[in-house]
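S.K.: Mind looking over this structure? Questions follow.
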Amino acid sequence: AVNRTVHPADTLVTVGGVTIGEGYFQVIAGPCSVESEAQIIGVARSVKESGATLLRGGAFKPRTSPYSFQGLQERGLEYLLAAKRATGLPIVTEVMNQTQLPLFGDVDVLQIGARNMQNYDLLKEVGRCRKPVVLKRGFSSTIEEFLMSAEYIVAEGNPNVILCERGIRTFETMTRNTLDLSAVPLLKQKSHLPVIVDPSHAAGIRSLVPALSKAAVAVGADGLMIEAHNDPANALSDGAQSLDLDQFRDLCGEIRRRAEFE
Ligand code: PEP
Ligand code: MN
């Protein structure tokens with residue numbers, strides 16, 4: 001069970017030599033979408049140098065409009081694997097439905113996106129494999145519903161679930177979503193699972209990402225997932241919220257300096 005009263009000890013998720021959970025803070029970074037082999041390898045090298053310990057990149061993209069870029073799909077997965085070979089970084093990428101799972105054999109961490117948080121068939125199927133999962137909170141889901149979705153995965157035998165707060169819908173329109181910072185300590189009190197924050201999708205605005213990242217650290221997040229791109233102005237998805245590689249390096253430096261100061 002994900003409930004801390006049933007299972008009091010913190011769950012630590014280890015993947016490719018990287019451990020995430022209470023006391024083990026990690027930064028997942030990379031572009032919203034994989035756009036080419038050279039792009040993802042270049043971004044991977046840069047974010048690794050800056051301090052990221054896992055590489056993200058979407059190959060199958062859940063886009064609001066069917067006319068928007070849908071991701072490079074299988075080719076995107078191949079390029080991610082090339083970036084993993086080039087840098088050693090474990091990779092995190094979204095699986096949109098259970099029929100895609102056979103393609104994800106060499107992927108280190110499966111991402112379940114906000115739009116799929118209550119896709120119970122997908123949750124059950126990823127629960128039947130042992131691969132670590134980043135489960136993103138649905139943008140209209142309560143914390144109780146979020147935890148129940150994690151329960152679907154754990155109940156099928158996969159304990160390696162990382163919860164990701166990525167902002168929820170509110171009346172506010174100036175940000176893409178509203179980052180629910182209280183979800184972080186609440187989730188950590190209610191459950192033993194690692195909790196990370198995605199400030200990029202929460203804000204939708206690049207300039208807010210550093211402040212929200214630091215806020216996430218302050219409320220006890222076990223990690224961050226940050227969109228970082230080689231050329232945000234020309235990104236095929238989510239450019240407005242993506243840090244460029246220099247901004248990402250600066251943010252990592254700031255977070256590291258704060259951790260050393262504590
Ligand atoms: C993403 O991580 O690129 C993504 C689509 O996130 P979310 O599911 O949180 O919208
Ligand atoms: Mn995105």
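Within each chain, counting starts at residue 1; across the structure tokens, chains are named A, B, ... in the order shown, with ligands numbered 1 upward in that order.
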Just want the residues within 12 Å of ligand 2, written as an NGL selection string, counting only C-alpha atoms and all ligand atoms.
M.R.: :A and (29-34 or 56-64 or 69-71 or 93-94 or 111 or 113-114 or 136 or 166 or 176 or 198-205 or 225-229 or 232 or 235-243)
S.K.: So which bits of region 34-208 of chain A end up strand (DSSP E or B) when you DSSP the backbone, as a list in words?
M.R.: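 Filtering region 34-208 of chain A to strand (DSSP E or B) leaves Leu54, Leu55, Arg56, Gly58, Ile91, Val92, Thr93, Glu94, Val109, Leu110, Gln111, Ile112, Val133, Val134, Leu135, Lys136, Val161, Ile162, Leu163, Cys164, Glu165, Ile168, Thr178, Ser191, Val195, Ile196 and Val197 of chain A.
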S.K.: Per DSSP on the backbone, what are the helix (DSSP H, G or I) residues of region 185-261 of chain A, as an MDAnalysis selection string?
M.R.: chainID A and resid 185:190 199:203 206:218 232:234 239:241 245:261
S.K.: Those same residues, written as a tab-separated table (two decimals), in the first residue's frame with N, CA and C atoms?
M.R.:
chain	number	residue	atom	x	y	z
A	185	PRO	N	4.44	18.34	1.02
A	185	PRO	CA	4.50	17.78	2.38
A	185	PRO	C	3.31	16.88	2.70
A	186	LEU	N	2.16	17.20	2.11
A	186	LEU	CA	0.99	16.36	2.36
A	186	LEU	C	1.20	14.94	1.81
A	187	LEU	N	1.67	14.86	0.58
A	187	LEU	CA	1.91	13.53	-0.02
A	187	LEU	C	2.97	12.78	0.78
A	188	LYS	N	3.97	13.51	1.26
A	188	LYS	CA	5.03	12.85	2.00
A	188	LYS	C	4.57	12.40	3.39
A	189	GLN	N	3.58	13.10	3.94
A	189	GLN	CA	3.00	12.64	5.21
A	189	GLN	C	2.09	11.44	5.00
A	190	LYS	N	1.29	11.49	3.95
A	190	LYS	CA	0.30	10.42	3.72
A	190	LYS	C	0.92	9.16	3.16
A	199	PRO	N	8.15	22.14	-12.04
A	199	PRO	CA	7.76	23.55	-12.05
A	199	PRO	C	7.50	24.06	-13.46
A	200	SER	N	7.99	23.36	-14.47
A	200	SER	CA	7.86	23.83	-15.86
A	200	SER	C	6.42	23.78	-16.32
A	201	HIS	N	5.78	22.61	-16.17
A	201	HIS	CA	4.37	22.50	-16.58
A	201	HIS	C	3.45	23.25	-15.62
A	202	ALA	N	3.87	23.38	-14.36
A	202	ALA	CA	3.06	24.13	-13.40
A	202	ALA	C	2.95	25.59	-13.83
A	203	ALA	N	4.09	26.20	-14.14
A	203	ALA	CA	4.11	27.63	-14.44
A	203	ALA	C	3.73	27.90	-15.89
A	206	ARG	N	8.86	30.32	-18.42
A	206	ARG	CA	10.27	30.06	-18.07
A	206	ARG	C	10.76	30.86	-16.86
A	207	SER	N	10.40	32.15	-16.80
A	207	SER	CA	10.97	33.02	-15.76
A	207	SER	C	10.53	32.61	-14.35
A	208	LEU	N	9.47	31.83	-14.24
A	208	LEU	CA	9.00	31.42	-12.91
A	208	LEU	C	9.66	30.12	-12.44
A	209	VAL	N	10.31	29.42	-13.35
A	209	VAL	CA	10.82	28.08	-13.03
A	209	VAL	C	11.87	28.08	-11.91
A	210	PRO	N	12.85	29.03	-11.92
A	210	PRO	CA	13.83	29.00	-10.83
A	210	PRO	C	13.20	29.19	-9.44
A	211	ALA	N	12.31	30.17	-9.29
A	211	ALA	CA	11.70	30.41	-7.98
A	211	ALA	C	10.88	29.21	-7.52
A	212	LEU	N	10.11	28.63	-8.44
A	212	LEU	CA	9.29	27.48	-8.05
A	212	LEU	C	10.15	26.26	-7.73
A	213	SER	N	11.28	26.14	-8.40
A	213	SER	CA	12.19	25.03	-8.11
A	213	SER	C	12.73	25.14	-6.69
A	214	LYS	N	13.12	26.37	-6.33
A	214	LYS	CA	13.66	26.58	-4.98
A	214	LYS	C	12.57	26.37	-3.93
A	215	ALA	N	11.35	26.79	-4.27
A	215	ALA	CA	10.23	26.58	-3.36
A	215	ALA	C	9.98	25.09	-3.14
A	216	ALA	N	10.09	24.32	-4.22
A	216	ALA	CA	9.88	22.87	-4.12
A	216	ALA	C	10.91	22.25	-3.19
A	217	VAL	N	12.15	22.70	-3.31
A	217	VAL	CA	13.20	22.19	-2.42
A	217	VAL	C	12.86	22.55	-0.98
A	218	ALA	N	12.39	23.79	-0.78
A	218	ALA	CA	12.10	24.26	0.58
A	218	ALA	C	10.99	23.47	1.25
A	232	PRO	N	15.09	27.14	-26.88
A	232	PRO	CA	13.67	27.18	-26.49
A	232	PRO	C	12.78	27.92	-27.49
A	233	ALA	N	13.30	28.98	-28.10
A	233	ALA	CA	12.47	29.79	-29.02
A	233	ALA	C	11.98	28.96	-30.20
A	234	ASN	N	12.72	27.92	-30.54
A	234	ASN	CA	12.34	27.08	-31.68
A	234	ASN	C	11.94	25.67	-31.28
A	239	GLY	N	8.15	25.39	-25.55
A	239	GLY	CA	9.32	26.29	-25.53
A	239	GLY	C	9.20	27.40	-24.50
A	240	ALA	N	8.00	27.94	-24.32
A	240	ALA	CA	7.82	29.11	-23.43
A	240	ALA	C	8.17	28.79	-21.97
A	241	GLN	N	8.09	27.52	-21.61
A	241	GLN	CA	8.38	27.16	-20.21
A	241	GLN	C	9.74	26.49	-20.08
A	245	LEU	N	20.00	26.08	-21.85
A	245	LEU	CA	20.96	25.23	-21.13
A	245	LEU	C	21.79	26.03	-20.14
A	246	ASP	N	22.02	27.30	-20.43
A	246	ASP	CA	22.75	28.16	-19.47
A	246	ASP	C	21.88	28.45	-18.24
A	247	GLN	N	20.61	28.72	-18.49
A	247	GLN	CA	19.70	28.98	-17.35
A	247	GLN	C	19.58	27.73	-16.48
A	248	PHE	N	19.57	26.58	-17.12
A	248	PHE	CA	19.48	25.34	-16.33
A	248	PHE	C	20.74	25.16	-15.48
A	249	ARG	N	21.88	25.44	-16.08
A	249	ARG	CA	23.14	25.31	-15.33
A	249	ARG	C	23.14	26.26	-14.13
A	250	ASP	N	22.69	27.50	-14.34
A	250	ASP	CA	22.66	28.47	-13.24
A	250	ASP	C	21.72	28.01	-12.13
A	251	LEU	N	20.56	27.48	-12.52
A	251	LEU	CA	19.60	27.01	-11.51
A	251	LEU	C	20.20	25.86	-10.69
A	252	CYS	N	20.84	24.93	-11.36
A	252	CYS	CA	21.46	23.81	-10.63
A	252	CYS	C	22.49	24.33	-9.64
A	253	GLY	N	23.25	25.33	-10.06
A	253	GLY	CA	24.26	25.91	-9.18
A	253	GLY	C	23.62	26.52	-7.94
A	254	GLU	N	22.53	27.22	-8.15
A	254	GLU	CA	21.83	27.85	-7.02
A	254	GLU	C	21.28	26.82	-6.05
A	255	ILE	N	20.71	25.75	-6.60
A	255	ILE	CA	20.15	24.71	-5.75
A	255	ILE	C	21.27	24.02	-4.96
A	256	ARG	N	22.38	23.78	-5.64
A	256	ARG	CA	23.51	23.11	-4.98
A	256	ARG	C	24.06	23.99	-3.85
A	257	ARG	N	24.20	25.28	-4.12
A	257	ARG	CA	24.73	26.18	-3.09
A	257	ARG	C	23.81	26.23	-1.87
A	258	ARG	N	22.50	26.20	-2.10
A	258	ARG	CA	21.58	26.19	-0.98
A	258	ARG	C	21.71	24.92	-0.17
A	259	ALA	N	21.85	23.79	-0.85
A	259	ALA	CA	21.96	22.50	-0.15
A	259	ALA	C	23.23	22.48	0.70
A	260	GLU	N	24.30	23.08	0.17
A	260	GLU	CA	25.55	23.08	0.93
A	260	GLU	C	25.46	23.99	2.14
A	261	PHE	N	24.63	25.01	2.04
A	261	PHE	CA	24.49	25.99	3.11
A	261	PHE	C	23.70	25.42	4.30
S.K.: Could you pull the residues within 9 Å of Ala44 (chain A), counting only C-alpha atoms, minus those fewer than 3 positions along the same chain, as a PyMOL selection string?
M.R.: chain A and resi 29-30+39-41+47-49+52+54-56+83-84+86-87+89
S.K.: Mind checking which residues fall within 8 Å of His7 (chain A), counting only C-alpha atoms, ignoring those fewer than 5 positions away in the same chain, and posting them as a list in words?
M.R.: Ala1, Val2 and His192 of chain A
S.K.: Can I get the selected residues back with N, CA and C atoms, as a PDB file, in the first residue's frame?
M.R.:
ATOM      1  N   ALA A   1       0.834  -1.211   0.000  1.00  0.00           N
ATOM      2  CA  ALA A   1       0.000   0.000   0.000  1.00  0.00           C
ATOM      3  C   ALA A   1       0.861   1.250   0.000  1.00  0.00           C
ATOM      4  N   VAL A   2       0.353   2.341  -0.559  1.00  0.00           N
ATOM      5  CA  VAL A   2       1.128   3.587  -0.594  1.00  0.00           C
ATOM      6  C   VAL A   2       0.990   4.360   0.723  1.00  0.00           C
ATOM      7  N   HIS A 192       4.673   6.969   1.658  1.00  0.00           N
ATOM      8  CA  HIS A 192       6.122   6.756   1.827  1.00  0.00           C
ATOM      9  C   HIS A 192       6.850   6.895   0.501  1.00  0.00           C
TER      10      HIS A 192
END
S.K.: Using Å and a single decimal, report how far CA of Asp180 (chain A) sits from CA of Arg4 (chain A).
M.R.: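 Straight-line distance from CA of Arg4 (chain A) to CA of Asp180 (chain A) works out to 20.7 Å.
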S.K.: Which residues are close to Gln100 (chain A), i.e. within 10 Å by only C-alpha atoms, leaving aside same-chain residues fewer than 5 positions away? Reply as a PyMOL selection string.
M.R.: chain A and resi 60+73-74+95
S.K.: Pull C-alpha atoms from the residues just selected and write them as a PDB file, in the first residue's frame.
M.R.:
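Contents of the output file selection06.pdb:
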ATOM      1  CA  PHE A  60       5.071   9.960 -27.623  1.00  0.00           C
ATOM      2  CA  GLN A  73       7.523   8.190 -31.452  1.00  0.00           C
ATOM      3  CA  GLU A  74       9.695   5.043 -31.996  1.00  0.00           C
ATOM      4  CA  VAL A  95       4.137   5.892 -22.238  1.00  0.00           C
TER       5      VAL A  95
END
S.K.: A:Ala150, A:Leu80, A:Val126, A:Ile143: which is nearest Leu101 (chain A), counting only C-alpha atoms?
M.R.: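 Among the listed residues, A:Val126 lies closest to Leu101 (chain A).
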S.K.: Could you please determine the separation between CA of Pro90 (chain A) and CA of Gly16 (chain A) in Å, to one decimal place?
M.R.: 5.9 Å
S.K.: Could you list, as a list in words, every residue within 7 Å of Asp108 (chain A), counting only C-alpha atoms and ignoring same-chain residues fewer than 5 positions away?
M.R.: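 So, after excluding close chain neighbours, the residues are Val15, Pro90, Ile91, Val92 and Lys131 of chain A.
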S.K.: Go ahead and write the selection's residues with C-alpha atoms as a PDB file, in the first residue's frame.
M.R.:
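Final file, out-v3.pdb:
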ATOM      1  CA  VAL A  15      17.529   3.240 -11.304  1.00  0.00           C
ATOM      2  CA  PRO A  90      19.054   6.872 -17.182  1.00  0.00           C
ATOM      3  CA  ILE A  91      16.089   8.012 -19.287  1.00  0.00           C
ATOM      4  CA  VAL A  92      12.538   8.984 -18.360  1.00  0.00           C
ATOM      5  CA  LYS A 131      10.269  -0.568 -13.909  1.00  0.00           C
TER       6      LYS A 131
END
S.K.: Measure the distance from CA of Thr53 (chain A) to CA of Leu147 (chain A) in Å and round it to one decimal.
M.R.: 25.8 Å
S.K.: If we count only C-alpha atoms and set the cut-off at 12 Å, which residues sit around Asn119 (chain A), ignoring sequence neighbours fewer than 6 positions away in its own chain? Please answer as a ChimeraX atom specification.
M.R.: /A:95-98,112-113,125-126,135-136,138,145-146,148-150,152-153
S.K.: Please dump the current selection as a PDB file, in the first residue's frame; keep N, CA and C atoms.
M.R.:
ATOM      1  N   VAL A  95       4.866   6.945 -21.522  1.00  0.00           N
ATOM      2  CA  VAL A  95       4.137   5.892 -22.238  1.00  0.00           C
ATOM      3  C   VAL A  95       2.662   6.293 -22.210  1.00  0.00           C
ATOM      4  N   MET A  96       2.047   6.387 -23.390  1.00  0.00           N
ATOM      5  CA  MET A  96       0.675   6.891 -23.441  1.00  0.00           C
ATOM      6  C   MET A  96      -0.392   5.815 -23.335  1.00  0.00           C
ATOM      7  N   ASN A  97      -0.024   4.594 -23.705  1.00  0.00           N
ATOM      8  CA  ASN A  97      -1.004   3.512 -23.524  1.00  0.00           C
ATOM      9  C   ASN A  97      -0.278   2.173 -23.439  1.00  0.00           C
ATOM     10  N   GLN A  98      -0.977   1.172 -22.976  1.00  0.00           N
ATOM     11  CA  GLN A  98      -0.305  -0.099 -22.661  1.00  0.00           C
ATOM     12  C   GLN A  98       0.178  -0.840 -23.912  1.00  0.00           C
ATOM     13  N   ILE A 112       3.990   8.408 -16.569  1.00  0.00           N
ATOM     14  CA  ILE A 112       2.558   8.443 -16.860  1.00  0.00           C
ATOM     15  C   ILE A 112       2.152   9.896 -16.734  1.00  0.00           C
ATOM     16  N   GLY A 113       1.631  10.456 -17.816  1.00  0.00           N
ATOM     17  CA  GLY A 113       1.344  11.881 -17.865  1.00  0.00           C
ATOM     18  C   GLY A 113       0.068  12.237 -17.122  1.00  0.00           C
ATOM     19  N   GLU A 125      -1.142  -2.138 -16.015  1.00  0.00           N
ATOM     20  CA  GLU A 125      -0.106  -2.753 -16.842  1.00  0.00           C
ATOM     21  C   GLU A 125       1.292  -2.323 -16.391  1.00  0.00           C
ATOM     22  N   VAL A 126       1.492  -1.050 -16.061  1.00  0.00           N
ATOM     23  CA  VAL A 126       2.825  -0.655 -15.572  1.00  0.00           C
ATOM     24  C   VAL A 126       3.060  -1.217 -14.171  1.00  0.00           C
ATOM     25  N   LEU A 135       4.702   9.068 -11.834  1.00  0.00           N
ATOM     26  CA  LEU A 135       3.259   9.261 -12.012  1.00  0.00           C
ATOM     27  C   LEU A 135       2.950  10.734 -11.793  1.00  0.00           C
ATOM     28  N   LYS A 136       2.478  11.394 -12.845  1.00  0.00           N
ATOM     29  CA  LYS A 136       2.174  12.815 -12.732  1.00  0.00           C
ATOM     30  C   LYS A 136       0.733  13.028 -12.288  1.00  0.00           C
ATOM     31  N   GLY A 138      -2.859  14.358 -12.184  1.00  0.00           N
ATOM     32  CA  GLY A 138      -3.825  14.904 -13.132  1.00  0.00           C
ATOM     33  C   GLY A 138      -4.144  16.344 -12.764  1.00  0.00           C
ATOM     34  N   GLU A 145      -7.251  11.152  -5.001  1.00  0.00           N
ATOM     35  CA  GLU A 145      -7.291  10.446  -6.296  1.00  0.00           C
ATOM     36  C   GLU A 145      -5.882  10.119  -6.801  1.00  0.00           C
ATOM     37  N   PHE A 146      -4.971  11.046  -6.595  1.00  0.00           N
ATOM     38  CA  PHE A 146      -3.568  10.849  -7.006  1.00  0.00           C
ATOM     39  C   PHE A 146      -2.999   9.619  -6.282  1.00  0.00           C
ATOM     40  N   MET A 148      -4.643   7.183  -4.962  1.00  0.00           N
ATOM     41  CA  MET A 148      -5.327   5.960  -5.398  1.00  0.00           C
ATOM     42  C   MET A 148      -4.765   5.477  -6.735  1.00  0.00           C
ATOM     43  N   SER A 149      -4.372   6.397  -7.601  1.00  0.00           N
ATOM     44  CA  SER A 149      -3.760   5.990  -8.867  1.00  0.00           C
ATOM     45  C   SER A 149      -2.417   5.314  -8.617  1.00  0.00           C
ATOM     46  N   ALA A 150      -1.643   5.859  -7.672  1.00  0.00           N
ATOM     47  CA  ALA A 150      -0.379   5.206  -7.299  1.00  0.00           C
ATOM     48  C   ALA A 150      -0.665   3.821  -6.732  1.00  0.00           C
ATOM     49  N   TYR A 152      -2.971   1.771  -7.573  1.00  0.00           N
ATOM     50  CA  TYR A 152      -3.199   0.829  -8.681  1.00  0.00           C
ATOM     51  C   TYR A 152      -1.896   0.177  -9.123  1.00  0.00           C
ATOM     52  N   ILE A 153      -0.835   0.974  -9.202  1.00  0.00           N
ATOM     53  CA  ILE A 153       0.465   0.468  -9.670  1.00  0.00           C
ATOM     54  C   ILE A 153       1.076  -0.441  -8.613  1.00  0.00           C
TER      55      ILE A 153
END
S.K.: Could you check which of A:Ala155, A:Met174, A:Leu193, A:Leu224 is closest to ligand 1, using only C-alpha atoms and all ligand atoms?
M.R.: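 Counting only C-alpha atoms and all ligand atoms, the residue closest to ligand 1 is A:Leu224.
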S.K.: In terms of the shortest atom-to-atom distance over only C-alpha atoms and all ligand atoms, which of A:Val161, A:Ile28, A:Leu123, A:Val154 is closest to ligand 1?
M.R.: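 For ligand 1, the nearest of the given residues is A:Ile28.
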